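A.B. asks: The following block contains the structure, expressed as structure tokens.
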Amino acid sequence: MTDMLAIAAAWKAQGEDVAIATVVETWGSSPRPTGSQLVVTKSGKLEGSVSGGCIEGAVAEAAIASIDSGFPRVLDFGISNEQAWEVGLACGGKVKVFVEPLT
Amino acid sequence: MKSAALSALQAARAAKRPVVFATRLSDGHQILLPDAAASDALNAAAHRALSRDENATKEIEGEAWFLHAYSPPVRLVIVGAVHIAQSLVPMSAPLGLDLIVVDPRRSFATEDRFPNVTLMDDWPDEAMDKIAPDSRTAVITLTHDPKLDDPALDRALRSDAFYIGSLGSRKTHAARLARLAALGHDEAALARIKGPVGLDIGAVSAPEIALSILAEFVAYRRRIGQTP
């Protein structure tokens with residue numbers, strides 16, 4: 001089992017700007033359990049997963065934005081959310097994702 | 001997440017200390033629990049998260065906290081460094097288990113055959129006494145040899161191991177249960193042993209048998225036994 005936090009620490013040690021996204025709540029049929037993590041760097045590296053792939057891009061973008069702002073954010077994805085139609089959470093589930101910079 | 005907090009979390013995990021990494025979602029404030037400086041409510045919630053092995057957002061003292069439980073890995077004790085163990089070990093690795101292979105026959109339990117696992121060449125009952133199986137430990141015997149399997153199963157039954165499996169045909173298993181009954185294990189205790197081990201998927205080859213064992217193990221871990 002790959003340890004996302006070890007990857008985050010290793011990338012940080014290499015001088016990368018790193019952000020971590022974590023699934024903090026799920027409803028219905030969401031593909032990845034609570035606690036699943038995605039680690040990204042400003043340079044474009046990406047490891048891990050917070051969904052079956054449907055919201056990865058949007059999450060990665062928000063995670064990188066958190067590096068620039070220096071502040072964490074909670075993201076909501078779900079069928080009741082208009083943005084979710086755009087990014088397409090096809091499974092019909094809902095997820096809440098916390099994105100934060102590694103400082 | 002601050003690098004110092006990440007280092008503290010990783011150090012606790014490396015030391016196999018059960019901890020909860022708590023994040024206040026309103027502002028991203030994070031603490032490692034248990035912590036004497038944190039509120040009783042937070043420490044109690046962390047204790048519950050660990051006992052259920054559950055990651056969840058909880059409302060605590062009017063704030064939403066994400067509690068990420070980091071329990072030490074579930075241990076899988078494999079008795080018998082045999083052919084099926086050679087399939088079981090690499091197939092178990094991605095499941096994030098702490099693998100221990102026990103076999104007093106040194107020609108079987110070699111690092112060449114079993115890289116990256118803990119190998120013990122003690123007699124199975126002595127090995128089990130050292131391992132001290134708890135509610136986050138599974139024990140699977142694979143030797144087919146009563147003088148190796150039986151002492152391991154005897155110790156496993158006297159422990160809180162959440163999954164106990166033993167390889168062997170129905171006939172072999174019936175004889176095994178009779179021997180263990182003679183050691184003083186009652187019917188309820190003996191019913192804890194999955195034998196023949198594994199889900200019935202018609203497995204024939206060693207990797208297929210390993211797959212059927214792991215499938216049953218996961219079912220116990222995730223569904224039936226709620227503790228680990």
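In the structure tokens, each chain is lettered A, B, ... as it comes, each chain's residues begin at 1, and ligands are numbered from 1 in order of appearance.
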Which residues of chain A are close to chain B, meaning at most 7 Å apart when you count only C-alpha atoms, and how do they look as number ranges by chain?

C.D. replies: A: 1, 24-25, 34-35, 72, 100-103

A.B. asks: Would you please extract all strand (DSSP E or B) residues from chain A, as assigned by DSSP on the backbone, and give them as a ChimeraX atom specification?

C.D. replies: /A:18-27,37-41,46-48,73-77,94-101

A.B. asks: Please produce a file of the residues just selected, as a short mmCIF file (atom, residue, chain, number, x, y, z; two decimals), in the first residue's frame, where the atoms kept are C-alpha atoms.

C.D. replies:
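The resulting result.cif:
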```
data_model
loop_
_atom_site.label_atom_id
_atom_site.label_comp_id
_atom_site.auth_asym_id
_atom_site.auth_seq_id
_atom_site.Cartn_x
_atom_site.Cartn_y
_atom_site.Cartn_z
CA VAL A 18 3.44 20.22 -2.30
CA ALA A 19 -0.29 20.06 -1.55
CA ILE A 20 -2.34 17.24 -0.07
CA ALA A 21 -6.01 16.46 -0.78
CA THR A 22 -7.94 14.17 1.57
CA VAL A 23 -11.46 12.75 1.29
CA VAL A 24 -13.06 13.82 4.59
CA GLU A 25 -16.68 12.80 4.03
CA THR A 26 -18.64 10.65 1.58
CA TRP A 27 -22.32 9.97 0.93
CA GLN A 37 -5.41 11.03 -0.42
CA LEU A 38 -3.99 12.70 -3.50
CA VAL A 39 -0.63 14.46 -3.42
CA VAL A 40 0.30 17.06 -6.03
CA THR A 41 3.18 19.41 -6.70
CA LEU A 46 0.52 13.71 -8.96
CA GLU A 47 0.14 10.53 -6.92
CA GLY A 48 -2.85 8.86 -5.28
CA ARG A 73 -10.06 24.70 1.62
CA VAL A 74 -12.93 22.26 1.76
CA LEU A 75 -14.33 21.23 -1.65
CA ASP A 76 -17.80 19.75 -2.16
CA PHE A 77 -18.61 17.46 -5.05
CA LYS A 94 -21.10 12.94 -2.97
CA VAL A 95 -17.68 13.65 -1.54
CA LYS A 96 -16.09 16.38 0.53
CA VAL A 97 -12.37 16.90 -0.03
CA PHE A 98 -9.97 18.92 2.15
CA VAL A 99 -7.06 20.46 0.26
CA GLU A 100 -4.05 21.96 2.05
CA PRO A 101 -0.54 23.08 1.26
#
```

A.B. asks: Find the distance between atom CA of B:Ala37 and atom CA of B:Ala49 and write it in Å to one decimal.

C.D. replies: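 Distance reported for this atom pair: 18.6 Å.
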
A.B. asks: Give the helix (DSSP H, G or I) residues of stretch 3-90 of chain A, as assigned by DSSP on the backbone, as a compact mmCIF listing (two decimals) with all heavy atoms, in the first residue's frame.

C.D. replies:
```
# COMPACT_ATOMS: atom_id res chain seq x y z
N MET A 4 0.87 7.87 0.90
CA MET A 4 0.84 9.18 0.26
C MET A 4 1.62 10.22 1.06
O MET A 4 2.23 11.12 0.49
CB MET A 4 -0.62 9.65 0.11
CG MET A 4 -1.38 8.87 -0.93
SD MET A 4 -0.49 8.88 -2.50
CE MET A 4 -0.70 7.20 -2.95
N LEU A 5 1.57 10.09 2.39
CA LEU A 5 2.26 11.08 3.22
C LEU A 5 3.78 10.95 3.06
O LEU A 5 4.49 11.95 3.09
CB LEU A 5 1.87 10.91 4.69
CG LEU A 5 0.40 11.22 4.99
CD1 LEU A 5 0.10 11.00 6.46
CD2 LEU A 5 0.06 12.65 4.58
N ALA A 6 4.26 9.73 2.85
CA ALA A 6 5.70 9.54 2.63
C ALA A 6 6.10 10.18 1.30
O ALA A 6 7.16 10.80 1.19
CB ALA A 6 6.02 8.04 2.63
N ILE A 7 5.23 10.05 0.31
CA ILE A 7 5.50 10.68 -0.99
C ILE A 7 5.50 12.21 -0.83
O ILE A 7 6.39 12.90 -1.34
CB ILE A 7 4.45 10.23 -2.02
CG1 ILE A 7 4.69 8.74 -2.36
CG2 ILE A 7 4.52 11.08 -3.29
CD1 ILE A 7 3.61 8.12 -3.20
N ALA A 8 4.53 12.72 -0.09
CA ALA A 8 4.45 14.18 0.13
C ALA A 8 5.73 14.68 0.80
O ALA A 8 6.32 15.69 0.39
CB ALA A 8 3.23 14.51 0.99
N ALA A 9 6.18 13.94 1.82
CA ALA A 9 7.39 14.35 2.55
C ALA A 9 8.61 14.29 1.65
O ALA A 9 9.47 15.18 1.68
CB ALA A 9 7.57 13.45 3.78
N ALA A 10 8.68 13.23 0.83
CA ALA A 10 9.84 13.06 -0.06
C ALA A 10 9.88 14.20 -1.10
O ALA A 10 10.94 14.77 -1.36
CB ALA A 10 9.78 11.70 -0.75
N TRP A 11 8.74 14.52 -1.66
CA TRP A 11 8.70 15.60 -2.66
C TRP A 11 9.07 16.93 -2.04
O TRP A 11 9.79 17.74 -2.62
CB TRP A 11 7.31 15.67 -3.32
CG TRP A 11 7.08 14.59 -4.33
CD1 TRP A 11 8.02 13.71 -4.81
CD2 TRP A 11 5.85 14.24 -4.97
NE1 TRP A 11 7.44 12.85 -5.72
CE2 TRP A 11 6.11 13.16 -5.84
CE3 TRP A 11 4.55 14.74 -4.90
CZ2 TRP A 11 5.13 12.58 -6.64
CZ3 TRP A 11 3.55 14.17 -5.69
CH2 TRP A 11 3.84 13.10 -6.55
N LYS A 12 8.56 17.15 -0.83
CA LYS A 12 8.88 18.40 -0.12
C LYS A 12 10.39 18.50 0.10
O LYS A 12 11.00 19.56 -0.09
CB LYS A 12 8.12 18.40 1.22
CG LYS A 12 8.27 19.67 2.03
CD LYS A 12 7.40 20.77 1.47
CE LYS A 12 7.58 22.06 2.27
NZ LYS A 12 6.91 23.19 1.58
N ALA A 13 10.99 17.36 0.51
CA ALA A 13 12.43 17.33 0.77
C ALA A 13 13.25 17.61 -0.49
O ALA A 13 14.37 18.10 -0.42
CB ALA A 13 12.82 15.97 1.37
N GLU A 56 -10.55 14.22 -10.07
CA GLU A 56 -9.11 14.37 -9.82
C GLU A 56 -8.56 15.70 -10.34
O GLU A 56 -7.81 16.38 -9.66
CB GLU A 56 -8.34 13.22 -10.48
CG GLU A 56 -7.66 12.28 -9.52
CD GLU A 56 -8.59 11.44 -8.69
OE1 GLU A 56 -9.65 11.04 -9.18
OE2 GLU A 56 -8.26 11.20 -7.52
N GLY A 57 -8.96 16.06 -11.56
CA GLY A 57 -8.43 17.28 -12.18
C GLY A 57 -8.81 18.51 -11.38
O GLY A 57 -7.96 19.37 -11.07
N ALA A 58 -10.10 18.61 -11.01
CA ALA A 58 -10.59 19.77 -10.27
C ALA A 58 -9.93 19.84 -8.89
O ALA A 58 -9.58 20.93 -8.41
CB ALA A 58 -12.11 19.68 -10.13
N VAL A 59 -9.73 18.68 -8.27
CA VAL A 59 -9.10 18.64 -6.94
C VAL A 59 -7.64 19.07 -7.04
O VAL A 59 -7.15 19.86 -6.22
CB VAL A 59 -9.23 17.23 -6.30
CG1 VAL A 59 -8.38 17.13 -5.04
CG2 VAL A 59 -10.69 16.93 -5.98
N ALA A 60 -6.95 18.56 -8.05
CA ALA A 60 -5.54 18.91 -8.22
C ALA A 60 -5.39 20.42 -8.42
O ALA A 60 -4.49 21.05 -7.85
CB ALA A 60 -4.95 18.14 -9.40
N GLU A 61 -6.29 20.98 -9.21
CA GLU A 61 -6.25 22.42 -9.47
C GLU A 61 -6.45 23.22 -8.17
O GLU A 61 -5.71 24.17 -7.89
CB GLU A 61 -7.38 22.75 -10.45
CG GLU A 61 -7.10 23.90 -11.39
CD GLU A 61 -8.17 23.97 -12.46
OE1 GLU A 61 -8.12 23.15 -13.42
OE2 GLU A 61 -9.08 24.81 -12.31
N ALA A 62 -7.43 22.81 -7.38
CA ALA A 62 -7.71 23.51 -6.12
C ALA A 62 -6.55 23.31 -5.13
O ALA A 62 -6.22 24.21 -4.35
CB ALA A 62 -9.01 22.99 -5.51
N ALA A 63 -5.93 22.13 -5.18
CA ALA A 63 -4.81 21.86 -4.28
C ALA A 63 -3.64 22.78 -4.61
O ALA A 63 -3.00 23.35 -3.72
CB ALA A 63 -4.41 20.38 -4.38
N ILE A 64 -3.37 22.93 -5.90
CA ILE A 64 -2.28 23.81 -6.32
C ILE A 64 -2.60 25.27 -5.96
O ILE A 64 -1.73 26.01 -5.50
CB ILE A 64 -1.98 23.61 -7.82
CG1 ILE A 64 -1.31 22.24 -8.02
CG2 ILE A 64 -1.07 24.72 -8.36
CD1 ILE A 64 -1.28 21.74 -9.44
N ALA A 65 -3.88 25.62 -6.09
CA ALA A 65 -4.29 26.98 -5.70
C ALA A 65 -4.04 27.21 -4.21
O ALA A 65 -3.71 28.33 -3.79
CB ALA A 65 -5.77 27.20 -6.04
N SER A 66 -4.16 26.15 -3.40
CA SER A 66 -3.93 26.29 -1.95
C SER A 66 -2.45 26.54 -1.66
O SER A 66 -2.11 27.15 -0.65
CB SER A 66 -4.46 25.07 -1.20
OG SER A 66 -3.55 23.99 -1.28
N ILE A 67 -1.58 26.05 -2.54
CA ILE A 67 -0.14 26.33 -2.37
C ILE A 67 0.09 27.83 -2.56
O ILE A 67 0.79 28.48 -1.78
CB ILE A 67 0.70 25.53 -3.40
CG1 ILE A 67 0.58 24.03 -3.14
CG2 ILE A 67 2.17 25.98 -3.36
CD1 ILE A 67 1.24 23.16 -4.22
N ASP A 68 -0.56 28.38 -3.59
CA ASP A 68 -0.38 29.81 -3.89
C ASP A 68 -0.98 30.69 -2.81
O ASP A 68 -0.39 31.68 -2.41
CB ASP A 68 -1.00 30.14 -5.25
CG ASP A 68 -0.25 29.45 -6.39
OD1 ASP A 68 0.98 29.26 -6.23
OD2 ASP A 68 -0.86 29.11 -7.40
N SER A 69 -2.18 30.31 -2.33
CA SER A 69 -2.85 31.15 -1.33
C SER A 69 -2.28 30.93 0.06
O SER A 69 -2.34 31.81 0.91
CB SER A 69 -4.35 30.85 -1.31
OG SER A 69 -4.58 29.60 -0.69
N GLU A 82 -23.87 22.09 -8.79
CA GLU A 82 -23.82 22.34 -10.23
C GLU A 82 -22.45 22.05 -10.82
O GLU A 82 -22.33 21.55 -11.92
CB GLU A 82 -24.22 23.79 -10.53
CG GLU A 82 -25.71 23.99 -10.36
CD GLU A 82 -26.20 25.24 -11.04
OE1 GLU A 82 -25.40 25.90 -11.70
OE2 GLU A 82 -27.39 25.53 -10.89
N GLN A 83 -21.43 22.34 -10.01
CA GLN A 83 -20.07 22.09 -10.49
C GLN A 83 -19.85 20.60 -10.76
O GLN A 83 -19.12 20.22 -11.66
CB GLN A 83 -19.06 22.58 -9.45
CG GLN A 83 -17.66 22.70 -10.01
CD GLN A 83 -16.61 22.75 -8.92
OE1 GLN A 83 -16.94 22.75 -7.74
NE2 GLN A 83 -15.36 22.78 -9.30
N ALA A 84 -20.52 19.80 -9.94
CA ALA A 84 -20.34 18.37 -10.10
C ALA A 84 -20.85 17.88 -11.45
O ALA A 84 -20.34 16.92 -12.00
CB ALA A 84 -21.05 17.64 -8.98
N TRP A 85 -21.89 18.55 -11.97
CA TRP A 85 -22.35 18.16 -13.30
C TRP A 85 -21.25 18.41 -14.31
O TRP A 85 -21.02 17.62 -15.21
CB TRP A 85 -23.61 18.94 -13.68
CG TRP A 85 -24.81 18.48 -12.93
CD1 TRP A 85 -25.47 19.13 -11.95
CD2 TRP A 85 -25.50 17.24 -13.10
NE1 TRP A 85 -26.52 18.38 -11.49
CE2 TRP A 85 -26.56 17.22 -12.18
CE3 TRP A 85 -25.31 16.13 -13.94
CZ2 TRP A 85 -27.43 16.14 -12.07
CZ3 TRP A 85 -26.19 15.07 -13.84
CH2 TRP A 85 -27.24 15.07 -12.91
N GLU A 86 -20.56 19.52 -14.10
CA GLU A 86 -19.47 19.83 -15.03
C GLU A 86 -18.37 18.77 -14.96
O GLU A 86 -17.93 18.24 -15.96
CB GLU A 86 -18.84 21.19 -14.69
CG GLU A 86 -19.65 22.38 -15.13
CD GLU A 86 -19.10 23.65 -14.52
OE1 GLU A 86 -17.86 23.75 -14.38
OE2 GLU A 86 -19.89 24.52 -14.15
N VAL A 87 -17.90 18.49 -13.72
CA VAL A 87 -16.81 17.54 -13.61
C VAL A 87 -17.31 16.10 -13.67
O VAL A 87 -16.54 15.19 -13.90
CB VAL A 87 -15.95 17.76 -12.34
CG1 VAL A 87 -15.21 19.07 -12.43
CG2 VAL A 87 -16.77 17.67 -11.09
```

A.B. asks: Pick the closest to B:Leu180 from B:Ala152, B:Ala64, B:Leu167, B:Ile201: which is it, counting only C-alpha atoms?

C.D. replies: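 Once distances to B:Leu180 are computed over only C-alpha atoms, the minimum belongs to B:Ala152.
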
A.B. asks: Could you work out how far atom CA of B:Val19 lies from atom CA of B:Ser39, giving the answer in Å with one decimal?

C.D. replies: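 Separating atom CA of B:Ser39 from atom CA of B:Val19 is a distance of 15.5 Å.
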
A.B. asks: Measure the distance from atom CA of B:Ser159 to atom CA of B:Ala11 in Å and round it to one decimal.

C.D. replies: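 Those two atoms sit 28.8 Å apart.
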
A.B. asks: Neighbouring residues of stretch 185-198 of chain B were defined as those with any atom within 6 Å, considering only C-alpha atoms; residues of the same chain fewer than 4 positions away were excluded. Please report them as a list in words.

C.D. replies: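 Here the qualifying residues turn out to be Ile164, Gly165, Ser166, Leu167, Gly168, Ser169, Ala181, Ser212, Ile213 and Glu216 of chain B.
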
A.B. asks: Identify, on the basis of only C-alpha atoms, every residue whose closest approach to stretch 128-139 of chain B does not exceed 6 Å; exclude the query and any residue fewer than 6 positions from it along the same chain; express the result as a PDB file with all heavy atoms, in the first residue's frame.

C.D. replies:
```
ATOM      1  N   VAL B  74      -2.523  -4.286  10.274  1.00  0.00           N
ATOM      2  CA  VAL B  74      -3.004  -5.602  10.676  1.00  0.00           C
ATOM      3  C   VAL B  74      -1.891  -6.609  10.396  1.00  0.00           C
ATOM      4  O   VAL B  74      -1.228  -6.545   9.371  1.00  0.00           O
ATOM      5  CB  VAL B  74      -4.269  -5.958   9.865  1.00  0.00           C
ATOM      6  CG1 VAL B  74      -4.603  -7.432   9.972  1.00  0.00           C
ATOM      7  CG2 VAL B  74      -5.443  -5.105  10.332  1.00  0.00           C
ATOM      8  N   ARG B  75      -1.673  -7.518  11.365  1.00  0.00           N
ATOM      9  CA  ARG B  75      -0.621  -8.529  11.190  1.00  0.00           C
ATOM     10  C   ARG B  75      -1.206  -9.818  10.610  1.00  0.00           C
ATOM     11  O   ARG B  75      -2.273 -10.252  11.033  1.00  0.00           O
ATOM     12  CB  ARG B  75       0.049  -8.827  12.534  1.00  0.00           C
ATOM     13  CG  ARG B  75       0.823  -7.631  13.069  1.00  0.00           C
ATOM     14  CD  ARG B  75       1.596  -8.000  14.322  1.00  0.00           C
ATOM     15  NE  ARG B  75       0.715  -8.429  15.399  1.00  0.00           N
ATOM     16  CZ  ARG B  75       1.152  -8.942  16.551  1.00  0.00           C
ATOM     17  NH1 ARG B  75       2.436  -9.106  16.752  1.00  0.00           N
ATOM     18  NH2 ARG B  75       0.298  -9.278  17.492  1.00  0.00           N
ATOM     19  N   LEU B  76      -0.506 -10.371   9.658  1.00  0.00           N
ATOM     20  CA  LEU B  76      -0.888 -11.669   9.108  1.00  0.00           C
ATOM     21  C   LEU B  76       0.253 -12.638   9.387  1.00  0.00           C
ATOM     22  O   LEU B  76       1.369 -12.464   8.892  1.00  0.00           O
ATOM     23  CB  LEU B  76      -1.166 -11.559   7.609  1.00  0.00           C
ATOM     24  CG  LEU B  76      -1.456 -12.865   6.874  1.00  0.00           C
ATOM     25  CD1 LEU B  76      -2.662 -13.589   7.474  1.00  0.00           C
ATOM     26  CD2 LEU B  76      -1.716 -12.607   5.396  1.00  0.00           C
ATOM     27  N   VAL B  77      -0.051 -13.638  10.227  1.00  0.00           N
ATOM     28  CA  VAL B  77       0.949 -14.647  10.574  1.00  0.00           C
ATOM     29  C   VAL B  77       0.715 -15.870   9.699  1.00  0.00           C
ATOM     30  O   VAL B  77      -0.381 -16.445   9.716  1.00  0.00           O
ATOM     31  CB  VAL B  77       0.842 -15.042  12.066  1.00  0.00           C
ATOM     32  CG1 VAL B  77       1.910 -16.077  12.416  1.00  0.00           C
ATOM     33  CG2 VAL B  77       0.933 -13.820  12.965  1.00  0.00           C
ATOM     34  N   SER B 159      -6.004 -16.834  21.767  1.00  0.00           N
ATOM     35  CA  SER B 159      -5.766 -15.393  21.589  1.00  0.00           C
ATOM     36  C   SER B 159      -7.009 -14.718  21.020  1.00  0.00           C
ATOM     37  O   SER B 159      -8.018 -15.373  20.746  1.00  0.00           O
ATOM     38  CB  SER B 159      -4.604 -15.179  20.617  1.00  0.00           C
ATOM     39  OG  SER B 159      -5.054 -15.363  19.282  1.00  0.00           O
ATOM     40  N   ASP B 160      -6.928 -13.399  20.808  1.00  0.00           N
ATOM     41  CA  ASP B 160      -8.038 -12.641  20.238  1.00  0.00           C
ATOM     42  C   ASP B 160      -7.942 -12.532  18.717  1.00  0.00           C
ATOM     43  O   ASP B 160      -8.632 -11.705  18.110  1.00  0.00           O
ATOM     44  CB  ASP B 160      -8.050 -11.213  20.815  1.00  0.00           C
ATOM     45  CG  ASP B 160      -8.454 -11.199  22.273  1.00  0.00           C
ATOM     46  OD1 ASP B 160      -9.184 -12.127  22.682  1.00  0.00           O
ATOM     47  OD2 ASP B 160      -8.042 -10.273  22.998  1.00  0.00           O
ATOM     48  N   ALA B 161      -7.077 -13.339  18.086  1.00  0.00           N
ATOM     49  CA  ALA B 161      -6.905 -13.250  16.628  1.00  0.00           C
ATOM     50  C   ALA B 161      -8.275 -13.194  15.939  1.00  0.00           C
ATOM     51  O   ALA B 161      -9.171 -13.974  16.276  1.00  0.00           O
ATOM     52  CB  ALA B 161      -6.113 -14.450  16.122  1.00  0.00           C
ATOM     53  N   PHE B 162      -8.446 -12.257  14.986  1.00  0.00           N
ATOM     54  CA  PHE B 162      -9.787 -12.073  14.401  1.00  0.00           C
ATOM     55  C   PHE B 162     -10.054 -13.038  13.262  1.00  0.00           C
ATOM     56  O   PHE B 162     -11.193 -13.216  12.843  1.00  0.00           O
ATOM     57  CB  PHE B 162      -9.990 -10.632  13.940  1.00  0.00           C
ATOM     58  CG  PHE B 162      -9.214 -10.252  12.703  1.00  0.00           C
ATOM     59  CD1 PHE B 162      -9.792 -10.353  11.445  1.00  0.00           C
ATOM     60  CD2 PHE B 162      -7.922  -9.770  12.811  1.00  0.00           C
ATOM     61  CE1 PHE B 162      -9.084  -9.992  10.302  1.00  0.00           C
ATOM     62  CE2 PHE B 162      -7.207  -9.415  11.667  1.00  0.00           C
ATOM     63  CZ  PHE B 162      -7.789  -9.530  10.418  1.00  0.00           C
ATOM     64  N   TYR B 163      -9.014 -13.647  12.752  1.00  0.00           N
ATOM     65  CA  TYR B 163      -9.196 -14.600  11.654  1.00  0.00           C
ATOM     66  C   TYR B 163      -8.182 -15.722  11.826  1.00  0.00           C
ATOM     67  O   TYR B 163      -6.985 -15.472  11.983  1.00  0.00           O
ATOM     68  CB  TYR B 163      -9.001 -13.899  10.306  1.00  0.00           C
ATOM     69  CG  TYR B 163      -9.081 -14.819   9.102  1.00  0.00           C
ATOM     70  CD1 TYR B 163     -10.319 -15.186   8.584  1.00  0.00           C
ATOM     71  CD2 TYR B 163      -7.936 -15.322   8.505  1.00  0.00           C
ATOM     72  CE1 TYR B 163     -10.405 -16.033   7.484  1.00  0.00           C
ATOM     73  CE2 TYR B 163      -8.006 -16.166   7.404  1.00  0.00           C
ATOM     74  CZ  TYR B 163      -9.245 -16.520   6.897  1.00  0.00           C
ATOM     75  OH  TYR B 163      -9.315 -17.352   5.810  1.00  0.00           O
ATOM     76  N   ILE B 164      -8.687 -16.940  11.841  1.00  0.00           N
ATOM     77  CA  ILE B 164      -7.804 -18.102  11.966  1.00  0.00           C
ATOM     78  C   ILE B 164      -8.188 -19.052  10.846  1.00  0.00           C
ATOM     79  O   ILE B 164      -9.354 -19.448  10.727  1.00  0.00           O
ATOM     80  CB  ILE B 164      -7.987 -18.808  13.332  1.00  0.00           C
ATOM     81  CG1 ILE B 164      -7.777 -17.829  14.491  1.00  0.00           C
ATOM     82  CG2 ILE B 164      -7.023 -19.980  13.461  1.00  0.00           C
ATOM     83  CD1 ILE B 164      -8.161 -18.399  15.862  1.00  0.00           C
ATOM     84  N   PRO B 228     -11.103  -5.258  13.862  1.00  0.00           N
ATOM     85  CA  PRO B 228      -9.847  -4.770  13.287  1.00  0.00           C
ATOM     86  C   PRO B 228     -10.061  -3.638  12.279  1.00  0.00           C
ATOM     87  O   PRO B 228     -11.101  -3.550  11.699  1.00  0.00           O
ATOM     88  CB  PRO B 228      -9.256  -5.984  12.603  1.00  0.00           C
ATOM     89  CG  PRO B 228     -10.373  -6.909  12.374  1.00  0.00           C
ATOM     90  CD  PRO B 228     -11.412  -6.635  13.405  1.00  0.00           C
TER      91      PRO B 228
END
```
